[in-house]
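data28.tsv (TSV, C-alpha atoms and all ligand atoms) appears below.
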chain	number	residue	atom	x	y	z
A	1	ARG	CA	143.00	105.04	118.17
A	2	THR	CA	141.44	102.51	115.86
A	3	THR	CA	143.41	99.53	117.04
A	4	LYS	CA	140.32	98.07	118.65
A	5	LEU	CA	138.34	98.11	115.40
A	6	TYR	CA	139.16	95.94	112.40
A	7	LEU	CA	137.74	96.00	108.91
A	8	PHE	CA	136.05	92.64	108.42
A	9	GLN	CA	133.95	91.90	105.32
A	10	ASN	CA	133.86	95.66	104.63
A	11	PHE	CA	132.55	96.70	108.04
A	12	TRP	CA	134.30	97.67	111.26
A	13	CYS	CA	134.14	95.54	114.36
A	14	GLN	CA	136.16	94.46	117.35
A	15	PRO	CA	138.35	91.35	117.06
A	16	LYS	CA	136.36	89.46	119.68
A	17	GLU	CA	133.18	89.98	117.64
A	18	ILE	CA	134.64	88.49	114.45
A	19	GLU	CA	134.68	84.91	115.74
A	20	ALA	CA	131.08	85.13	116.93
A	21	ILE	CA	129.95	86.67	113.63
A	22	MET	CA	131.69	83.94	111.63
A	23	SER	CA	130.06	81.27	113.75
A	24	PHE	CA	126.67	82.95	113.35
A	25	GLN	CA	127.20	83.09	109.58
A	26	LYS	CA	128.15	79.42	109.46
A	27	HIS	CA	125.69	77.83	111.86
A	28	PHE	CA	122.49	79.87	112.11
A	29	LYS	CA	119.54	78.30	110.29
A	30	ALA	CA	116.70	80.77	109.88
A	31	GLN	CA	113.11	79.60	110.07
A	32	ASP	CA	110.25	81.18	108.15
A	33	GLY	CA	108.62	82.68	111.25
A	34	ASP	CA	111.81	84.30	112.61
A	35	ILE	CA	111.92	88.03	113.32
A	36	ILE	CA	115.30	89.74	113.14
A	37	VAL	CA	115.82	93.21	114.59
A	38	ALA	CA	118.72	94.77	112.68
A	39	THR	CA	120.36	98.10	113.53
A	40	ILE	CA	123.61	99.98	113.65
A	41	PRO	CA	124.52	100.51	117.35
A	42	LYS	CA	122.77	103.32	119.24
A	43	SER	CA	120.00	103.86	116.73
A	44	GLY	CA	117.11	102.51	118.82
A	45	THR	CA	117.82	98.77	119.00
A	46	THR	CA	116.56	98.39	122.56
A	47	TRP	CA	113.31	100.18	121.73
A	48	LEU	CA	112.65	98.21	118.56
A	49	LYS	CA	113.43	94.91	120.30
A	50	ALA	CA	110.90	95.76	123.04
A	51	LEU	CA	108.24	96.73	120.48
A	52	ALA	CA	108.77	93.66	118.27
A	53	PHE	CA	108.68	91.39	121.31
A	54	ALA	CA	105.53	92.97	122.75
A	55	ILE	CA	103.70	92.86	119.41
A	56	SER	CA	104.60	89.34	118.43
A	57	THR	CA	103.93	87.77	121.85
A	58	ARG	CA	100.80	89.76	122.75
A	59	LYS	CA	98.55	86.68	122.59
A	60	ARG	CA	100.83	84.95	125.11
A	61	PHE	CA	101.61	87.83	127.46
A	62	ASN	CA	99.17	90.37	128.78
A	63	VAL	CA	100.56	93.87	128.56
A	64	LYS	CA	98.84	94.82	131.82
A	65	GLU	CA	100.19	92.13	134.13
A	66	ASN	CA	103.34	90.07	134.57
A	67	HIS	CA	104.68	91.05	131.19
A	68	PRO	CA	108.26	89.81	130.58
A	69	LEU	CA	109.31	93.34	129.63
A	70	LEU	CA	108.56	94.42	133.22
A	71	THR	CA	111.11	92.00	134.62
A	72	SER	CA	113.61	91.42	131.78
A	73	ASN	CA	115.73	93.74	129.70
A	74	PRO	CA	114.71	93.74	125.99
A	75	HIS	CA	118.14	92.31	125.08
A	76	ASP	CA	117.49	89.29	127.32
A	77	LEU	CA	114.24	88.63	125.48
A	78	VAL	CA	115.63	89.31	122.00
A	79	PRO	CA	119.26	88.16	122.10
A	80	PHE	CA	121.99	89.35	119.77
A	81	PHE	CA	123.57	86.68	117.57
A	82	GLU	CA	127.00	88.25	117.93
A	83	TYR	CA	126.95	89.26	121.63
A	84	ASN	CA	124.76	86.64	123.27
A	85	LEU	CA	124.26	83.50	121.19
A	86	TYR	CA	127.41	82.66	119.21
A	87	THR	CA	130.04	83.94	121.66
A	88	ASP	CA	132.83	81.82	123.22
A	89	ASN	CA	132.67	79.12	120.53
A	90	ASN	CA	129.11	78.38	121.50
A	91	ILE	CA	126.82	76.86	118.87
A	92	PRO	CA	123.41	77.20	120.50
A	93	ASP	CA	120.49	74.89	119.91
A	94	LEU	CA	117.78	77.40	118.99
A	95	SER	CA	115.31	74.85	117.67
A	96	HIS	CA	113.34	74.64	120.94
A	97	LEU	CA	112.55	78.36	121.11
A	98	PRO	CA	108.86	79.20	120.77
A	99	SER	CA	107.77	80.67	117.46
A	100	PRO	CA	108.16	83.39	116.46
A	101	ARG	CA	111.82	83.39	117.45
A	102	LEU	CA	113.19	86.91	117.90
A	103	PHE	CA	116.84	87.83	117.44
A	104	GLY	CA	118.91	90.96	117.12
A	105	THR	CA	121.97	91.84	115.07
A	106	HIS	CA	124.19	94.75	114.12
A	107	VAL	CA	125.70	92.83	111.20
A	108	PRO	CA	125.19	94.59	107.83
A	109	LEU	CA	122.73	93.02	105.40
A	110	GLY	CA	125.39	91.73	103.00
A	111	SER	CA	127.07	89.72	105.77
A	112	LEU	CA	123.97	88.00	107.12
A	113	PRO	CA	123.93	84.21	106.77
A	114	ASP	CA	122.43	82.90	103.53
A	115	SER	CA	119.62	81.16	105.38
A	116	ILE	CA	118.25	84.55	106.48
A	117	ARG	CA	118.09	85.71	102.88
A	118	GLU	CA	116.71	82.39	101.63
A	119	SER	CA	114.02	81.82	104.27
A	120	ASN	CA	110.81	83.78	104.69
A	121	CYS	CA	111.95	85.28	107.98
A	122	ARG	CA	111.39	89.00	108.41
A	123	ILE	CA	113.86	91.77	109.18
A	124	VAL	CA	112.94	95.00	110.93
A	125	TYR	CA	115.44	97.84	110.75
A	126	VAL	CA	115.47	101.18	112.53
A	127	CYS	CA	117.46	104.06	111.13
A	128	ARG	CA	118.31	107.10	113.24
A	129	ASN	CA	119.68	110.49	112.24
A	130	PRO	CA	123.44	109.78	111.90
A	131	PHE	CA	124.34	112.79	114.06
A	132	ASP	CA	122.19	111.70	116.99
A	133	THR	CA	123.46	108.15	116.53
A	134	PHE	CA	127.01	109.47	116.64
A	135	VAL	CA	126.41	111.54	119.78
A	136	SER	CA	124.84	108.52	121.46
A	137	ILE	CA	127.85	106.33	120.52
A	138	TRP	CA	130.28	109.00	121.66
A	139	HIS	CA	128.64	109.29	125.06
A	140	TYR	CA	128.70	105.57	125.41
A	141	LEU	CA	132.32	105.02	124.34
A	142	VAL	CA	134.01	108.05	125.72
A	143	LYS	CA	131.96	108.99	128.74
A	144	ILE	CA	130.62	105.69	129.98
A	145	ARG	CA	133.45	103.32	129.16
A	146	PRO	CA	136.57	105.47	128.88
A	147	GLU	CA	138.68	102.55	130.13
A	148	ASN	CA	138.13	100.78	126.81
A	149	PHE	CA	139.34	103.61	124.62
A	150	GLU	CA	142.07	106.18	124.71
A	151	PRO	CA	140.54	109.54	125.49
A	152	PHE	CA	139.79	111.41	122.30
A	153	SER	CA	137.89	114.55	121.49
A	154	LEU	CA	134.47	114.78	119.97
A	155	GLU	CA	136.03	116.32	116.83
A	156	GLU	CA	138.40	113.38	116.39
A	157	ALA	CA	135.64	110.88	117.01
A	158	PHE	CA	133.39	112.62	114.50
A	159	ASP	CA	136.14	112.69	111.90
A	160	MET	CA	136.52	108.93	112.29
A	161	TYR	CA	132.76	108.47	112.12
A	162	CYS	CA	132.61	110.45	108.86
A	163	ARG	CA	135.34	108.22	107.47
A	164	GLY	CA	133.15	105.25	108.31
A	165	VAL	CA	135.22	104.05	111.25
A	166	VAL	CA	132.61	103.07	113.81
A	167	GLY	CA	131.34	99.70	115.03
A	168	TYR	CA	129.47	97.96	112.16
A	169	GLY	CA	129.95	101.05	110.01
A	170	PRO	CA	130.34	102.82	107.70
A	171	TYR	CA	126.97	104.17	108.79
A	172	TRP	CA	125.88	104.92	105.20
A	173	ASP	CA	126.67	101.46	103.89
A	174	HIS	CA	124.84	99.84	106.80
A	175	MET	CA	121.73	101.98	106.49
A	176	LEU	CA	121.60	101.98	102.67
A	177	GLY	CA	122.04	98.20	102.50
A	178	TYR	CA	118.87	97.63	104.50
A	179	TYR	CA	117.08	100.61	102.95
A	180	LYS	CA	117.59	99.40	99.37
A	181	GLN	CA	116.51	95.88	100.34
A	182	SER	CA	113.34	97.27	101.96
A	183	LEU	CA	112.47	98.87	98.60
A	184	GLU	CA	113.25	95.73	96.61
A	185	THR	CA	111.54	93.25	98.93
A	186	PRO	CA	109.16	95.18	101.22
A	187	HIS	CA	107.67	91.92	102.53
A	188	LYS	CA	111.15	90.93	103.80
A	189	VAL	CA	112.60	94.14	105.27
A	190	LEU	CA	110.68	96.85	107.11
A	191	PHE	CA	112.62	100.11	107.33
A	192	LEU	CA	111.59	102.37	110.22
A	193	ARG	CA	112.92	105.74	111.33
A	194	TYR	CA	113.60	106.59	114.98
A	195	GLU	CA	112.39	110.15	114.43
A	196	ASP	CA	109.06	108.97	112.94
A	197	MET	CA	108.63	106.59	115.85
A	198	LYS	CA	109.18	109.41	118.32
A	199	LYS	CA	106.62	111.54	116.49
A	200	ASP	CA	103.87	108.95	116.15
A	201	ILE	CA	104.62	105.58	117.69
A	202	THR	CA	101.04	104.34	117.25
A	203	PHE	CA	101.33	104.63	113.49
A	204	ASP	CA	104.61	102.68	113.36
A	205	LEU	CA	103.34	100.09	115.84
A	206	LYS	CA	100.45	99.30	113.50
A	207	LYS	CA	102.84	99.18	110.55
A	208	LEU	CA	105.13	96.83	112.47
A	209	ALA	CA	102.27	94.54	113.52
A	210	GLN	CA	101.00	94.40	109.93
A	211	PHE	CA	104.50	93.63	108.62
A	212	LEU	CA	104.97	90.87	111.20
A	213	GLY	CA	101.78	89.22	109.99
A	214	SER	CA	99.69	89.98	113.07
A	215	PRO	CA	97.84	93.26	112.46
A	216	PHE	CA	95.89	94.71	115.38
A	217	SER	CA	92.24	93.75	115.26
A	218	LEU	CA	89.56	96.39	115.54
A	219	GLU	CA	88.78	95.00	118.97
A	220	GLU	CA	92.42	95.42	120.05
A	221	GLU	CA	92.54	98.95	118.70
A	222	ARG	CA	89.32	99.90	120.46
A	223	GLY	CA	90.53	98.19	123.64
A	224	GLY	CA	93.66	100.37	123.71
A	225	VAL	CA	96.18	97.56	123.13
A	226	VAL	CA	98.27	99.67	120.74
A	227	GLU	CA	98.66	102.45	123.31
A	228	GLU	CA	99.40	99.93	126.07
A	229	ILE	CA	102.29	98.48	124.06
A	230	ALA	CA	103.55	101.98	123.23
A	231	ASN	CA	103.53	102.90	126.92
A	232	LEU	CA	105.11	99.66	128.03
A	233	CYS	CA	108.02	100.21	125.62
A	234	SER	CA	108.36	103.96	126.12
A	235	PHE	CA	111.73	105.41	127.06
A	236	GLN	CA	110.58	106.55	130.49
A	237	ASN	CA	108.84	103.32	131.36
A	238	LEU	CA	111.77	101.11	130.39
A	239	LYS	CA	114.31	103.44	132.01
A	240	ASP	CA	112.43	103.44	135.33
A	241	LEU	CA	112.11	99.66	135.64
A	242	GLU	CA	114.30	98.07	138.28
A	243	VAL	CA	115.58	95.46	135.82
A	244	ASN	CA	116.93	98.21	133.58
A	245	LYS	CA	118.71	100.04	136.39
A	246	GLU	CA	120.99	97.12	137.10
A	247	GLY	CA	122.46	94.04	135.43
A	248	LYS	CA	124.16	93.41	132.13
A	249	ALA	CA	122.05	91.96	129.34
A	250	ILE	CA	124.83	92.31	126.75
A	251	SER	CA	128.21	91.04	127.99
A	252	ASP	CA	129.98	93.99	129.62
A	253	PHE	CA	127.27	96.50	128.75
A	254	GLU	CA	125.39	97.85	131.78
A	255	ASN	CA	121.63	98.00	131.26
A	256	LYS	CA	121.32	101.46	132.77
A	257	HIS	CA	123.50	102.92	129.99
A	258	LEU	CA	121.03	101.79	127.34
A	259	PHE	CA	118.72	104.60	128.41
A	260	ARG	CA	120.36	108.01	128.28
A	261	LYS	CA	118.12	110.76	126.84
A	262	GLY	CA	116.13	109.11	124.08
A	263	GLU	CA	115.59	112.39	122.24
A	264	VAL	CA	115.66	113.64	118.68
A	265	GLY	CA	118.12	116.44	117.93
A	266	ASP	CA	120.56	115.91	120.81
A	267	TRP	CA	123.40	116.54	118.34
A	268	ASP	CA	122.30	120.18	118.21
A	269	MET	CA	124.27	120.78	121.40
A	270	VAL	CA	127.54	119.77	119.76
A	271	LYS	CA	126.78	121.04	116.25
A	272	GLY	CA	129.70	123.46	116.25
A	273	HIS	CA	132.18	120.60	116.76
A	274	MET	CA	130.69	118.56	114.00
A	275	VAL	CA	130.10	121.00	111.17
A	276	PHE	CA	133.51	120.49	109.60
A	277	GLY	CA	132.76	116.85	108.92
A	278	LEU	CA	129.37	117.54	107.42
A	279	SER	CA	130.45	118.18	103.84
A	280	TYR	CA	132.46	114.96	103.81
A	281	ALA	CA	129.49	113.00	105.15
A	282	LEU	CA	127.09	114.48	102.63
A	283	SER	CA	129.38	113.91	99.67
A	284	HIS	CA	129.82	110.28	100.73
A	285	HIS	CA	126.06	109.94	101.12
A	286	LYS	CA	125.49	111.23	97.59
A	287	ALA	CA	128.14	108.90	96.22
A	288	ALA	CA	126.57	105.94	98.01
A	289	LEU	CA	123.12	106.72	96.64
B	301	LIG	P1	120.61	108.47	123.47
B	301	LIG	O1	122.00	108.07	123.83
B	301	LIG	O2	120.57	109.54	122.41
B	301	LIG	O3	119.77	108.82	124.65
B	301	LIG	P2	120.46	101.34	121.17
B	301	LIG	O4	119.28	100.76	121.86
B	301	LIG	O5	120.54	101.02	119.71
B	301	LIG	O6	121.72	101.07	121.92
B	301	LIG	O7	120.25	102.92	121.17
B	301	LIG	C1	120.38	103.64	122.36
B	301	LIG	C2	119.68	104.97	122.17
B	301	LIG	O8	118.26	104.75	122.15
B	301	LIG	C3	119.94	105.88	123.34
B	301	LIG	O9	119.89	107.19	122.79
B	301	LIG	C4	118.77	105.57	124.26
B	301	LIG	O10	118.53	106.58	125.21
B	301	LIG	C5	117.65	105.44	123.25
B	301	LIG	N1	116.53	104.63	123.73
B	301	LIG	C6	116.56	103.51	124.50
B	301	LIG	N2	115.32	103.06	124.73
B	301	LIG	C7	114.46	103.91	124.12
B	301	LIG	C8	113.04	103.99	124.03
B	301	LIG	N3	112.26	103.10	124.61
B	301	LIG	N4	112.52	104.99	123.30
B	301	LIG	C9	113.30	105.91	122.70
B	301	LIG	N5	114.66	105.90	122.76
B	301	LIG	C10	115.24	104.91	123.46

Written as structure tokens, how would this file's structure read?
Amino acid sequence: RTTKLYLFQNFWCQPKEIEAIMSFQKHFKAQDGDIIVATIPKSGTTWLKALAFAISTRKRFNVKENHPLLTSNPHDLVPFFEYNLYTDNNIPDLSHLPSPRLFGTHVPLGSLPDSIRESNCRIVYVCRNPFDTFVSIWHYLVKIRPENFEPFSLEEAFDMYCRGVVGYGPYWDHMLGYYKQSLETPHKVLFLRYEDMKKDITFDLKKLAQFLGSPFSLEEERGGVVEEIANLCSFQNLKDLEVNKEGKAISDFENKHLFRKGEVGDWDMVKGHMVFGLSYALSHHKAAL
């Protein structure tokens, strides 16, 4: 079952991703203004990419008209190092991109290129309840792309997940790596939670803008810019856009599958299947802390 995932530098990934990650590690030169959206898959990457893009380009693009997010998928605007930029032996020239350059990655903190750690670029991370993240991954792997994996039950998949076997996992190592760094260097890593964002996106939008060095002015706040960005990037708005109903922004990944339910607590429906793995997960969590 796990033949498609390999342990590389202490995290799990597919063989075809390893080459791209190694090239990214070797060739990417971070610049001080860069913004890097880092996540474990299915934890809100698409949402955070849209928000970071809208905030950091708001002087260039009007949220009300002809905004790139209305005609492009967030992953086209904020490309992944390992799925879009460094694939197929490509070493892209990224020097011409307008500042701030925005990129995305699932690579754990410890495996990021040195230049990211050494430069003054900023990393934004979103963490999502591991159970909801798991359910989202399971739907994606088993229901949407069953041709890529042997059919396996939710219980088996959850057992693997608890043992850390999931793309870019173990989940705990991934999340705790960025979390600890956000405590040590809060100017470098901003740690957000999907559930907090769902509860009060305005609050986190302001936090994000502040962290990215472009806080909302009083005029912007009074003019409703924060709410406009929140609405532009909302689940329903992005899901309903034509560009997100078709096309493939990430290799063989159909855009429409990036928007499933977008809810907190979806794992509740499959709780019974997952309870047996809970004690293992919690004991690992305690050990990791
Ligand atoms: P569900 O499968 O639980 O619905 P990623 O972007 O990291 O691949 O994560 C995908 C998950 O985020 C999916 O969760 C998807 O529905 C949800 N999602 C996508 N866009 C969102 C948005 N704008 N707001 C909230 N959730 C979003």

Counting only C-alpha atoms, the residue among A:Gly265, A:Gly167, A:Pro41, A:Pro186 that lies closest to Pro15 in chain A is A:Gly167

Val63 in chain A surroundings by only C-alpha atoms, 8 Å radius, close-in-sequence under 4 positions cut, as an MDAnalysis selection string: chainID A and resid 54 58 67 225 228:229 232

Could you report the residues within 8 Å of ligand LIG 301 (chain B), using all atoms listed in the file, as a PDB file with C-alpha atoms, keeping the file's coordinate frame?
ATOM      1  CA  THR A  39     120.360  98.100 113.530  1.00  0.00           C
ATOM      2  CA  ILE A  40     123.610  99.980 113.650  1.00  0.00           C
ATOM      3  CA  PRO A  41     124.520 100.510 117.350  1.00  0.00           C
ATOM      4  CA  LYS A  42     122.770 103.320 119.240  1.00  0.00           C
ATOM      5  CA  SER A  43     120.000 103.860 116.730  1.00  0.00           C
ATOM      6  CA  GLY A  44     117.110 102.510 118.820  1.00  0.00           C
ATOM      7  CA  THR A  45     117.820  98.770 119.000  1.00  0.00           C
ATOM      8  CA  THR A  46     116.560  98.390 122.560  1.00  0.00           C
ATOM      9  CA  TRP A  47     113.310 100.180 121.730  1.00  0.00           C
ATOM     10  CA  LEU A  48     112.650  98.210 118.560  1.00  0.00           C
ATOM     11  CA  ALA A  50     110.900  95.760 123.040  1.00  0.00           C
ATOM     12  CA  ASP A 132     122.190 111.700 116.990  1.00  0.00           C
ATOM     13  CA  THR A 133     123.460 108.150 116.530  1.00  0.00           C
ATOM     14  CA  VAL A 135     126.410 111.540 119.780  1.00  0.00           C
ATOM     15  CA  SER A 136     124.840 108.520 121.460  1.00  0.00           C
ATOM     16  CA  ILE A 137     127.850 106.330 120.520  1.00  0.00           C
ATOM     17  CA  HIS A 139     128.640 109.290 125.060  1.00  0.00           C
ATOM     18  CA  TYR A 140     128.700 105.570 125.410  1.00  0.00           C
ATOM     19  CA  TYR A 194     113.600 106.590 114.980  1.00  0.00           C
ATOM     20  CA  LYS A 198     109.180 109.410 118.320  1.00  0.00           C
ATOM     21  CA  CYS A 233     108.020 100.210 125.620  1.00  0.00           C
ATOM     22  CA  SER A 234     108.360 103.960 126.120  1.00  0.00           C
ATOM     23  CA  PHE A 235     111.730 105.410 127.060  1.00  0.00           C
ATOM     24  CA  GLN A 236     110.580 106.550 130.490  1.00  0.00           C
ATOM     25  CA  ASN A 237     108.840 103.320 131.360  1.00  0.00           C
ATOM     26  CA  LEU A 238     111.770 101.110 130.390  1.00  0.00           C
ATOM     27  CA  LYS A 239     114.310 103.440 132.010  1.00  0.00           C
ATOM     28  CA  HIS A 257     123.500 102.920 129.990  1.00  0.00           C
ATOM     29  CA  LEU A 258     121.030 101.790 127.340  1.00  0.00           C
ATOM     30  CA  PHE A 259     118.720 104.600 128.410  1.00  0.00           C
ATOM     31  CA  ARG A 260     120.360 108.010 128.280  1.00  0.00           C
ATOM     32  CA  LYS A 261     118.120 110.760 126.840  1.00  0.00           C
ATOM     33  CA  GLY A 262     116.130 109.110 124.080  1.00  0.00           C
ATOM     34  CA  GLU A 263     115.590 112.390 122.240  1.00  0.00           C
ATOM     35  CA  VAL A 264     115.660 113.640 118.680  1.00  0.00           C
ATOM     36  CA  ASP A 266     120.560 115.910 120.810  1.00  0.00           C
TER      37      ASP A 266
END

The residue from A:Leu109, A:Ile55, A:Leu69, A:Ile36 with the smallest atom-to-atom distance to Gln181 in chain A, counting all atoms listed in the file, is A:Leu109

Excluding Phe203 in chain A and any residue of its chain fewer than 4 positions from it, enumerate the residues within 12 Å of it, using only C-alpha atoms, and give them as a PyMOL selection string. chain A and resi 192-193+196-199+207-210+215-216+221+226-227+230

(124.2, 100.2, 106.2) in this file's frame - what residues fall within 10 Å of it? Use all atoms listed in the file and give the answer as a list in words. Phe11, Thr39, Ile40, His106, Val107, Pro108, Leu109, Gly110, Cys127, Tyr168, Gly169, Pro170, Tyr171, Trp172, Asp173, His174, Met175, Leu176, Gly177, Tyr178, Tyr179 and Lys180 of chain A

Can you tell me how far CA of Pro74 in chain A sits from CA of Ser217 in chain A, in Å to one decimal? 24.9 Å

Just need range 126-137 of chain A in a file, please: N, CA and C atoms, as an mmCIF file, in the first residue's frame.
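Writing the result to result.cif gives the following:
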data_model
loop_
_atom_site.group_PDB
_atom_site.id
_atom_site.type_symbol
_atom_site.label_atom_id
_atom_site.label_comp_id
_atom_site.auth_asym_id
_atom_site.auth_seq_id
_atom_site.Cartn_x
_atom_site.Cartn_y
_atom_site.Cartn_z
ATOM 1 N N VAL A 126 -0.334 27.315 7.738
ATOM 2 C CA VAL A 126 -1.661 27.069 8.305
ATOM 3 C C VAL A 126 -1.739 25.621 8.772
ATOM 4 N N CYS A 127 -2.197 25.481 10.006
ATOM 5 C CA CYS A 127 -2.353 24.170 10.622
ATOM 6 C C CYS A 127 -3.844 23.875 10.706
ATOM 7 N N ARG A 128 -4.223 22.649 10.401
ATOM 8 C CA ARG A 128 -5.639 22.270 10.491
ATOM 9 C C ARG A 128 -5.767 21.046 11.378
ATOM 10 N N ASN A 129 -6.863 20.962 12.102
ATOM 11 C CA ASN A 129 -7.130 19.770 12.918
ATOM 12 C C ASN A 129 -6.717 18.517 12.131
ATOM 13 N N PRO A 130 -5.843 17.668 12.718
ATOM 14 C CA PRO A 130 -5.321 16.527 11.957
ATOM 15 C C PRO A 130 -6.407 15.574 11.477
ATOM 16 N N PHE A 131 -7.521 15.496 12.186
ATOM 17 C CA PHE A 131 -8.589 14.586 11.764
ATOM 18 C C PHE A 131 -9.281 15.111 10.509
ATOM 19 N N ASP A 132 -9.584 16.413 10.507
ATOM 20 C CA ASP A 132 -10.196 16.980 9.295
ATOM 21 C C ASP A 132 -9.220 16.925 8.119
ATOM 22 N N THR A 133 -7.944 17.156 8.425
ATOM 23 C CA THR A 133 -6.933 17.085 7.359
ATOM 24 C C THR A 133 -6.904 15.675 6.786
ATOM 25 N N PHE A 134 -6.954 14.687 7.683
ATOM 26 C CA PHE A 134 -6.944 13.294 7.246
ATOM 27 C C PHE A 134 -8.160 12.982 6.371
ATOM 28 N N VAL A 135 -9.337 13.399 6.820
ATOM 29 C CA VAL A 135 -10.566 13.097 6.067
ATOM 30 C C VAL A 135 -10.491 13.749 4.686
ATOM 31 N N SER A 136 -9.948 14.955 4.636
ATOM 32 C CA SER A 136 -9.816 15.650 3.363
ATOM 33 C C SER A 136 -8.851 14.889 2.436
ATOM 34 N N ILE A 137 -7.742 14.418 3.001
ATOM 35 C CA ILE A 137 -6.767 13.642 2.198
ATOM 36 C C ILE A 137 -7.421 12.349 1.717
#
